[in-house]
file coords18.cif (mmCIF, C-alpha atoms)
data_coords
loop_
_atom_site.label_atom_id
_atom_site.label_comp_id
_atom_site.auth_asym_id
_atom_site.auth_seq_id
_atom_site.Cartn_x
_atom_site.Cartn_y
_atom_site.Cartn_z
CA MET V 234 90.55 106.91 62.69
CA ARG V 235 92.77 105.21 65.23
CA LEU V 236 95.89 103.68 63.86
CA LEU V 237 97.69 100.78 65.49
CA MET V 238 101.21 99.85 64.53
CA THR V 239 103.67 97.31 65.81
CA ALA V 240 107.11 98.41 66.96
CA SER V 241 108.64 96.57 64.00
CA GLN V 242 106.52 98.63 61.61
CA ILE V 243 107.83 101.79 63.25
CA ARG V 244 111.46 100.70 63.04
CA GLY V 245 113.05 102.10 59.90
CA LEU V 246 110.56 104.93 59.44
CA PRO V 247 112.17 108.25 58.51
CA VAL V 248 112.18 111.00 61.13
CA VAL V 249 111.01 114.12 59.28
CA THR V 250 110.92 117.76 60.43
CA VAL V 251 107.57 119.53 60.09
CA ASP V 252 109.17 122.93 59.52
CA GLY V 253 111.96 121.82 57.22
CA GLY V 254 110.60 118.80 55.33
CA GLU V 255 113.95 117.07 55.83
CA ASP V 256 114.53 113.45 56.82
CA VAL V 257 116.97 113.94 59.68
CA ALA V 258 117.18 110.37 61.00
CA GLU V 259 115.63 106.93 60.93
CA VAL V 260 114.00 104.98 63.77
CA ARG V 261 116.30 102.29 65.12
CA ASP V 262 114.06 101.11 67.93
CA VAL V 263 111.30 102.25 70.23
CA ILE V 264 111.93 102.69 73.96
CA TYR V 265 108.97 101.61 76.01
CA SER V 266 108.09 101.70 79.68
CA PRO V 267 105.97 98.63 80.55
CA GLU V 268 104.95 100.21 83.88
CA SER V 269 103.39 103.29 82.33
CA GLY V 270 102.33 101.48 79.17
CA ARG V 271 103.79 104.26 77.05
CA LEU V 272 106.37 104.93 74.45
CA VAL V 273 109.04 107.05 76.12
CA GLY V 274 111.32 107.62 73.14
CA MET V 275 113.23 106.23 70.21
CA THR V 276 116.80 105.35 69.37
CA LEU V 277 117.97 106.42 65.93
CA ASN V 278 120.01 105.48 62.91
CA LYS V 279 121.48 107.81 60.33
CA ARG V 280 119.70 108.11 57.02
CA GLY V 281 121.23 106.82 53.81
CA PHE V 282 123.01 103.81 52.45
CA LEU V 283 125.92 103.86 54.87
CA ALA V 284 123.57 104.37 57.76
CA GLY V 285 124.98 103.59 61.17
CA ARG V 286 123.71 104.11 64.64
CA ARG V 287 123.23 107.66 65.85
CA ARG V 288 124.18 108.38 69.40
CA GLU V 289 121.37 110.90 69.82
CA VAL V 290 117.88 109.95 70.92
CA LEU V 291 114.39 111.26 70.50
CA SER V 292 112.19 111.54 73.58
CA ALA V 293 108.44 111.03 73.30
CA GLU V 294 107.71 114.66 74.24
CA ALA V 295 109.67 115.82 71.19
CA ILE V 296 107.63 113.66 68.81
CA HIS V 297 104.97 115.62 66.95
CA ALA V 298 103.25 112.52 65.55
CA VAL V 299 103.87 108.94 64.49
CA GLY V 300 102.20 107.99 61.22
CA GLN V 301 102.20 105.19 58.71
CA HIS V 302 105.07 106.65 56.71
CA ALA V 303 107.07 108.86 59.04
CA VAL V 304 107.78 110.00 62.56
CA MET V 305 107.29 113.77 62.62
CA VAL V 306 109.32 116.11 64.80
CA VAL V 307 109.13 119.89 64.92
CA ASP V 308 112.78 120.52 64.07
CA ASP V 309 116.34 119.27 64.45
CA SER V 310 116.53 120.37 68.08
CA SER V 311 114.12 117.54 68.97
CA ILE V 312 117.01 115.10 68.61
CA VAL V 313 119.28 115.29 71.64
CA ALA V 314 122.32 113.59 73.16
CA PRO V 315 121.38 110.78 75.59
CA GLU V 316 122.73 112.78 78.57
CA ASP V 317 120.39 115.65 77.70
CA ALA V 318 117.35 113.38 77.49
CA PRO V 319 115.16 112.18 80.38
CA ASP V 320 116.75 109.19 82.15
CA ASP V 321 114.23 106.64 80.90
CA VAL V 322 115.17 107.62 77.31
CA GLY V 323 118.89 108.34 77.70
CA ARG V 324 119.61 105.33 79.93
CA PRO V 325 116.75 102.86 79.49
CA ALA V 326 116.84 99.84 81.77
CA THR V 327 117.61 96.88 79.55
CA GLU V 328 115.95 94.34 81.85
CA ARG V 329 112.60 95.90 81.08
CA ASN V 330 112.53 94.43 77.63
CA VAL V 331 109.33 92.38 77.48
CA ILE V 332 110.00 90.66 74.14
CA GLY V 333 110.20 86.90 74.73
CA ASP V 334 108.38 87.07 78.06
CA ASP V 335 105.61 84.59 78.83
CA VAL V 336 102.11 86.01 79.05
CA LEU V 337 100.29 84.35 81.95
CA THR V 338 96.75 85.08 83.06
CA GLU V 339 96.01 85.56 86.75
CA GLY V 340 94.38 82.13 86.59
CA GLY V 341 97.65 80.55 85.42
CA LEU V 342 96.90 80.06 81.74
CA SER V 343 99.74 80.76 79.31
CA LEU V 344 98.59 82.77 76.29
CA GLY V 345 101.98 82.72 74.54
CA THR V 346 105.19 84.72 74.41
CA VAL V 347 105.52 88.39 73.50
CA THR V 348 106.93 88.96 70.00
CA ASP V 349 106.17 92.66 69.50
CA LEU V 350 104.53 95.76 70.96
CA VAL V 351 101.40 97.32 69.50
CA LEU V 352 101.20 101.10 69.76
CA LEU V 353 98.35 103.50 69.30
CA VAL V 354 100.04 106.02 67.04
CA GLY V 355 99.10 109.55 66.05
CA SER V 356 100.10 111.84 68.87
CA SER V 357 99.47 109.32 71.65
CA GLY V 358 102.19 106.68 71.70
CA GLU V 359 100.30 104.50 74.13
CA VAL V 360 101.16 100.80 74.08
CA VAL V 361 97.76 99.15 73.86
CA GLY V 362 98.68 95.55 73.21
CA TYR V 363 101.21 92.88 72.44
CA GLN V 364 101.73 90.68 69.47
CA ILE V 365 102.17 87.16 70.83
CA ASP V 366 103.28 83.81 69.55
CA LYS V 367 100.55 81.42 70.67
CA PRO V 368 101.77 77.97 71.67
CA GLY V 369 101.34 75.81 68.57
CA ASP V 370 98.85 78.26 67.09
CA GLY V 371 100.76 81.04 65.31
CA GLN V 372 100.50 84.75 65.86
CA GLY V 373 97.90 86.69 67.80
CA TYR V 374 97.32 90.07 69.40
CA ILE V 375 96.21 90.78 72.96
CA PRO V 376 94.98 94.08 74.42
CA LEU V 377 96.56 95.44 77.59
CA PRO V 378 94.94 97.13 80.54
CA ALA V 379 95.95 100.78 80.97
CA GLN V 380 98.29 99.78 83.79
CA LEU V 381 100.24 96.56 84.00
CA SER V 382 102.34 95.08 86.75
CA VAL V 383 105.56 93.75 85.33
CA SER V 384 107.16 90.99 87.32
CA GLY V 385 110.38 89.15 86.57
CA ASP V 386 110.09 86.70 83.70
CA ALA V 387 106.39 86.71 82.98
CA LEU V 388 103.70 89.25 82.29
CA VAL V 389 100.63 88.62 84.39
CA VAL V 390 97.46 89.79 82.67
CA PRO V 391 93.78 89.67 83.74
CA ASN V 392 91.91 86.40 83.02
CA LEU V 393 89.63 88.36 80.69
CA THR V 394 92.56 88.78 78.25
CA GLY V 395 92.04 85.16 77.15
CA ASP V 396 88.71 86.18 75.58
CA PHE V 397 90.31 88.96 73.55
CA VAL V 398 93.07 87.22 71.60
CA GLU V 399 92.73 88.76 68.13
CA ASP V 400 94.10 87.59 64.78
CA ASP V 401 95.13 90.99 63.44
CA LEU V 402 95.66 94.65 64.28
CA VAL V 403 92.22 95.63 63.01
CA GLY V 404 90.61 93.17 65.41
CA LEU V 405 92.80 94.42 68.21
CA GLY V 406 91.86 98.04 67.50
CA ALA V 407 88.20 97.15 67.94
CA ALA V 408 88.88 95.02 71.02
CA VAL V 409 90.93 97.45 73.14
CA ASP V 410 88.09 99.70 74.29
CA GLU V 411 85.66 96.86 75.00
CA PHE V 412 88.37 94.99 76.89
CA ARG V 413 89.13 98.03 79.05
CA ASP V 414 85.44 98.76 79.59
CA ARG V 415 84.82 95.24 80.82
CA LEU V 416 87.87 95.37 83.09
CA GLY V 417 86.53 98.54 84.63
CA LEU V 418 83.15 96.91 85.29
CA SER V 419 84.46 93.72 86.80
CA MET D 224 103.78 126.44 38.52
CA ALA D 225 104.39 123.38 36.32
CA ARG D 226 103.60 125.44 33.17
CA SER D 227 106.25 128.02 34.01
CA ILE D 228 109.11 125.50 33.79
CA GLY D 229 111.26 126.30 30.74
CA ARG D 230 109.76 129.77 30.29
CA LYS D 231 112.33 132.31 29.13
CA VAL D 232 113.70 134.87 31.53
CA VAL D 233 114.17 138.31 29.95
CA SER D 234 115.75 141.50 31.25
CA ARG D 235 113.31 144.41 31.05
CA SER D 236 116.08 147.01 30.76
CA SER D 237 118.22 145.35 28.07
CA ALA D 238 115.61 143.03 26.46
CA GLN D 239 118.26 140.32 26.64
CA GLU D 240 117.16 136.73 27.18
CA LEU D 241 119.03 135.64 30.31
CA GLY D 242 118.03 131.99 30.47
CA ALA D 243 115.07 129.72 31.19
CA VAL D 244 113.15 128.87 34.35
CA ASN D 245 114.45 125.66 35.89
CA HIS D 246 112.05 125.76 38.82
CA LEU D 247 110.63 128.07 41.46
CA LEU D 248 111.93 128.17 45.03
CA VAL D 249 109.14 128.39 47.60
CA ASP D 250 109.24 129.97 51.03
CA ALA D 251 106.98 127.54 52.89
CA GLU D 252 106.73 129.69 55.99
CA GLN D 253 105.48 132.71 54.03
CA ARG D 254 103.65 130.49 51.52
CA ARG D 255 104.99 132.40 48.58
CA ILE D 256 107.49 132.18 45.75
CA ALA D 257 110.91 133.16 47.09
CA ALA D 258 112.93 133.05 43.88
CA VAL D 259 113.07 131.88 40.29
CA VAL D 260 115.90 129.40 39.70
CA VAL D 261 117.47 129.74 36.24
CA GLY D 262 119.66 126.87 35.06
CA ARG D 263 120.90 124.06 37.25
CA GLY D 264 123.93 122.97 39.25
CA LYS D 265 127.09 125.09 39.21
CA LYS D 266 125.70 127.40 36.56
CA ALA D 267 122.39 127.99 38.34
CA ARG D 268 121.45 131.61 39.06
CA LEU D 269 118.56 132.94 41.10
CA VAL D 270 116.24 135.89 40.74
CA ARG D 271 114.57 136.91 43.99
CA TRP D 272 110.85 137.50 43.64
CA ALA D 273 111.29 141.23 44.40
CA ASP D 274 113.39 141.53 41.23
CA VAL D 275 110.74 139.91 39.03
CA SER D 276 108.92 142.76 37.30
CA GLY D 277 106.39 140.67 35.42
CA PHE D 278 105.61 136.95 35.63
CA GLY D 279 103.90 136.52 32.28
CA GLN D 280 102.51 133.68 30.19
CA ASP D 281 105.33 133.83 27.67
CA ALA D 282 108.22 135.24 29.62
CA VAL D 283 109.40 136.08 33.10
CA MET D 284 110.53 139.69 33.03
CA VAL D 285 113.20 140.76 35.50
CA VAL D 286 114.25 144.32 36.29
CA ASP D 287 117.73 144.19 34.73
CA ASP D 288 120.62 141.87 33.84
CA GLY D 289 121.97 142.18 37.39
CA ALA D 290 118.84 140.61 38.88
CA LEU D 291 120.35 137.18 38.20
CA GLY D 292 122.79 136.21 40.91
CA PRO D 293 124.57 133.15 42.30
CA PRO D 294 123.04 131.40 45.33
CA ALA D 295 123.71 133.46 48.44
CA ASP D 296 123.06 131.05 51.29
CA ASP D 297 122.75 127.33 52.07
CA ARG D 298 119.10 127.21 51.17
CA GLU D 299 119.68 128.89 47.82
CA ARG D 300 122.64 126.59 47.12
CA ALA D 301 120.43 123.57 47.88
CA ALA D 302 117.82 125.06 45.53
CA ALA D 303 120.45 125.53 42.80
CA ASP D 304 121.28 121.83 43.13
CA GLY D 305 117.60 121.04 42.59
CA LYS D 306 117.20 119.58 46.09
CA LEU D 307 114.29 121.79 47.11
CA GLU D 308 112.16 121.57 44.02
CA LEU D 309 108.59 121.38 45.27
CA LEU D 310 106.96 119.79 42.23
CA GLY D 311 107.12 116.02 42.29
CA ARG D 312 107.93 116.06 45.99
CA ARG D 313 106.30 113.60 48.38
CA ALA D 314 103.40 115.21 50.27
CA LEU D 315 103.40 114.18 53.92
CA SER D 316 100.89 115.24 56.56
CA GLU D 317 102.13 116.45 59.93
CA ARG D 318 100.63 113.20 61.25
CA GLY D 319 103.26 111.25 59.34
CA ASN D 320 100.98 109.88 56.60
CA GLU D 321 101.81 110.19 52.92
CA LEU D 322 99.13 111.88 50.81
CA GLY D 323 100.72 111.38 47.40
CA GLN D 324 102.92 113.45 45.16
CA LEU D 325 102.75 117.21 44.84
CA ASP D 326 101.96 117.59 41.14
CA ASP D 327 101.48 121.32 40.88
CA VAL D 328 101.07 124.54 42.84
CA THR D 329 99.03 127.53 41.76
CA PHE D 330 100.09 131.03 42.76
CA ASP D 331 99.21 134.66 42.18
CA ALA D 332 101.50 135.89 39.39
CA ASP D 333 101.39 139.44 40.75
CA THR D 334 102.24 138.82 44.39
CA GLY D 335 103.87 135.38 44.32
CA ALA D 336 101.46 134.19 47.02
CA LEU D 337 100.73 130.44 46.82
CA GLU D 338 97.09 129.54 46.29
CA GLU D 339 96.51 125.80 45.97
CA LEU D 340 98.53 122.60 46.12
CA LEU D 341 97.53 119.89 43.66
CA ILE D 342 98.09 116.36 44.91
CA GLY D 343 96.70 113.86 42.44
CA ASP D 344 93.11 115.03 41.88
CA ARG D 345 92.92 116.79 45.23
CA ARG D 346 93.24 120.52 45.69
CA VAL D 347 94.54 121.57 49.07
CA PRO D 348 94.62 125.26 50.15
CA ALA D 349 98.19 126.58 50.28
CA GLY D 350 97.59 127.55 53.92
CA SER D 351 98.12 123.85 54.72
CA LEU D 352 101.79 124.01 53.76
CA LEU D 353 103.89 123.83 56.94
CA GLY D 354 107.34 123.15 55.54
CA SER D 355 109.16 121.92 52.51
CA GLY D 356 112.56 120.38 52.06
CA SER D 357 114.55 117.73 50.27
CA TYR D 358 112.48 114.86 51.66
CA ALA D 359 108.91 116.10 51.68
CA ALA D 360 106.43 118.93 51.60
CA VAL D 361 104.74 118.78 55.01
CA LEU D 362 101.04 119.67 55.15
CA SER D 363 98.79 120.29 58.14
CA ALA D 364 96.54 117.50 59.39
CA SER D 365 93.52 119.21 57.78
CA ALA D 366 94.94 118.26 54.36
CA GLU D 367 94.24 114.61 55.22
CA ALA D 368 90.56 115.44 55.53
CA VAL D 369 90.54 117.02 52.05
CA THR D 370 92.15 113.90 50.71
CA SER D 371 89.77 111.41 52.25
CA ALA D 372 86.69 113.51 51.44
CA ASP D 373 87.67 113.62 47.77
CA ALA D 374 88.70 109.99 47.72
CA SER D 375 85.30 108.83 48.98
CA ALA D 376 83.41 111.07 46.55
#

call {"tool": "encode", "arguments": {"input": "coords18.cif", "output": "structure tokens"}}
result
Amino acid sequence: MRLLMTASQIRGLPVVTVDGGEDVAEVRDVIYSPESGRLVGMTLNKRGFLAGRRREVLSAEAIHAVGQHAVMVVDDSSIVAPEDAPDDVGRPATERNVIGDDVLTEGGLSLGTVTDLVLLVGSSGEVVGYQIDKPGDGQGYIPLPAQLSVSGDALVVPNLTGDFVEDDLVGLGAAVDEFRDRLGLS
Amino acid sequence: MARSIGRKVVSRSSAQELGAVNHLLVDAEQRRIAAVVVGRGKKARLVRWADVSGFGQDAVMVVDDGALGPPADDRERAAADGKLELLGRRALSERGNELGQLDDVTFDADTGALEELLIGDRRVPAGSLLGSGSYAAVLSASAEAVTSADASA
């Protein structure tokens, strides 16, 4: 079964070691590369009531799996200082944040603004869609092509995207493959 | 394993009752019982499995009075504090999905080898156990299949 989760559902999940069964950290935020359409890593908080930010980060390669209840890592050594992590994890470019960006189709139609990322979890970590705030029409979910060109203030998506605005994650899960199939054919 | 909690621990050489089983410490990597924890907290003592001469229905027999010792390393200290008790622990698959609570574990009383993990009404082979700690017992992805197969039945 494929499992889709939004970035906000992943925030706050415990980071648990497979070998040790210990909760070693908590997800503060996901780090995402819009160009590659992938999760590249996570920033972390400490566990517990007095939890503060942890300086260390978790790169996507060190993640064993992301599930509904936890982010699994092999062991403690998966969590590294930012300077020991790949550059896109240790020093992510802040201007690449897509939250709040307008989603415009190639034909010039605005579908809404991005409110969250939707990730295919398990061992993949692919970003397959966005949660959007539709103008005057509440929340929706749009699938993304495998590759996406990210310009300055807006995200330009294929016209076809307008036909695939879904109401929930279940709908989006079913729509992603068909959307990508039809993009490939056109 | 659940039935052994509270069972008396008796020295084979002196026939003295040394205490009662608080819980069993499991070595997840070897999938076997590592030690019997007697008492709790500062007064907790451990008997390594090698010093257990007979794990019986009515008593756990240990070789002699000296078999009971204080925790020797960090893991044993954590066990003495009750932090590593497997029963009642959250069962988490390596995929990061919760399967329920680990209610009981069956093991071979002669060898200490774990046999099955009982999670609700599901029985998962002990070979699925990948790790266990203060947060969760981590099971291989195949344990999820056992769960869903039983749940749909």

call {"tool": "resolve_selection", "arguments": {"input": "coords18.cif", "expression": "the PyMOL selection byres ((chain D and resi 266) around 12)", "output": "PDB file with C-alpha atoms, keeping the file's coordinate frame"}}
result
ATOM      1  CA  GLY D 242     118.030 131.990  30.470  1.00  0.00           C
ATOM      2  CA  ASN D 245     114.450 125.660  35.890  1.00  0.00           C
ATOM      3  CA  VAL D 260     115.900 129.400  39.700  1.00  0.00           C
ATOM      4  CA  VAL D 261     117.470 129.740  36.240  1.00  0.00           C
ATOM      5  CA  GLY D 262     119.660 126.870  35.060  1.00  0.00           C
ATOM      6  CA  ARG D 263     120.900 124.060  37.250  1.00  0.00           C
ATOM      7  CA  GLY D 264     123.930 122.970  39.250  1.00  0.00           C
ATOM      8  CA  LYS D 265     127.090 125.090  39.210  1.00  0.00           C
ATOM      9  CA  ALA D 267     122.390 127.990  38.340  1.00  0.00           C
ATOM     10  CA  ARG D 268     121.450 131.610  39.060  1.00  0.00           C
ATOM     11  CA  LEU D 269     118.560 132.940  41.100  1.00  0.00           C
ATOM     12  CA  LEU D 291     120.350 137.180  38.200  1.00  0.00           C
ATOM     13  CA  GLY D 292     122.790 136.210  40.910  1.00  0.00           C
ATOM     14  CA  PRO D 293     124.570 133.150  42.300  1.00  0.00           C
ATOM     15  CA  PRO D 294     123.040 131.400  45.330  1.00  0.00           C
ATOM     16  CA  ARG D 300     122.640 126.590  47.120  1.00  0.00           C
ATOM     17  CA  ALA D 303     120.450 125.530  42.800  1.00  0.00           C
ATOM     18  CA  ASP D 304     121.280 121.830  43.130  1.00  0.00           C
ATOM     19  CA  GLY D 305     117.600 121.040  42.590  1.00  0.00           C
TER      20      GLY D 305
END

call {"tool": "resolve_selection", "arguments": {"input": "coords18.cif", "expression": "the PyMOL selection byres ((chain D) within 6 of (chain V))", "output": "ChimeraX atom specification"}}
result
/D:318-320,353-361

call {"tool": "closest_residue", "arguments": {"input": "coords18.cif", "among": "V:Leu377, V:Ile243, V:Ile264, V:Asp321", "to": "V:Val360", "atoms": "only C-alpha atoms"}}
result
V:Leu377

call {"tool": "resolve_selection", "arguments": {"input": "coords18.cif", "expression": "the PyMOL selection byres ((chain D and resi 346-350) around 9)", "output": "VMD selection string"}}
result
chain D and resid 254 328 to 330 336 to 345 351 to 353 362 to 363 366 369 to 370

call {"tool": "atom_distance", "arguments": {"input": "coords18.cif", "atom1": "atom CA of D:Ser227", "atom2": "atom CA of D:Val259"}}
result
10.0 Å

call {"tool": "atom_distance", "arguments": {"input": "coords18.cif", "atom1": "atom CA of V:Leu352", "atom2": "atom CA of V:Pro376"}}
result
10.5 Å

call {"tool": "atom_distance", "arguments": {"input": "coords18.cif", "atom1": "atom CA of V:Thr348", "atom2": "atom CA of V:Gln372"}}
result
8.7 Å

call {"tool": "closest_residue", "arguments": {"input": "coords18.cif", "among": "D:Asp274, D:Asp288, D:Asp326, D:Glu367", "to": "D:Arg312", "atoms": "only C-alpha atoms"}}
result
D:Asp326
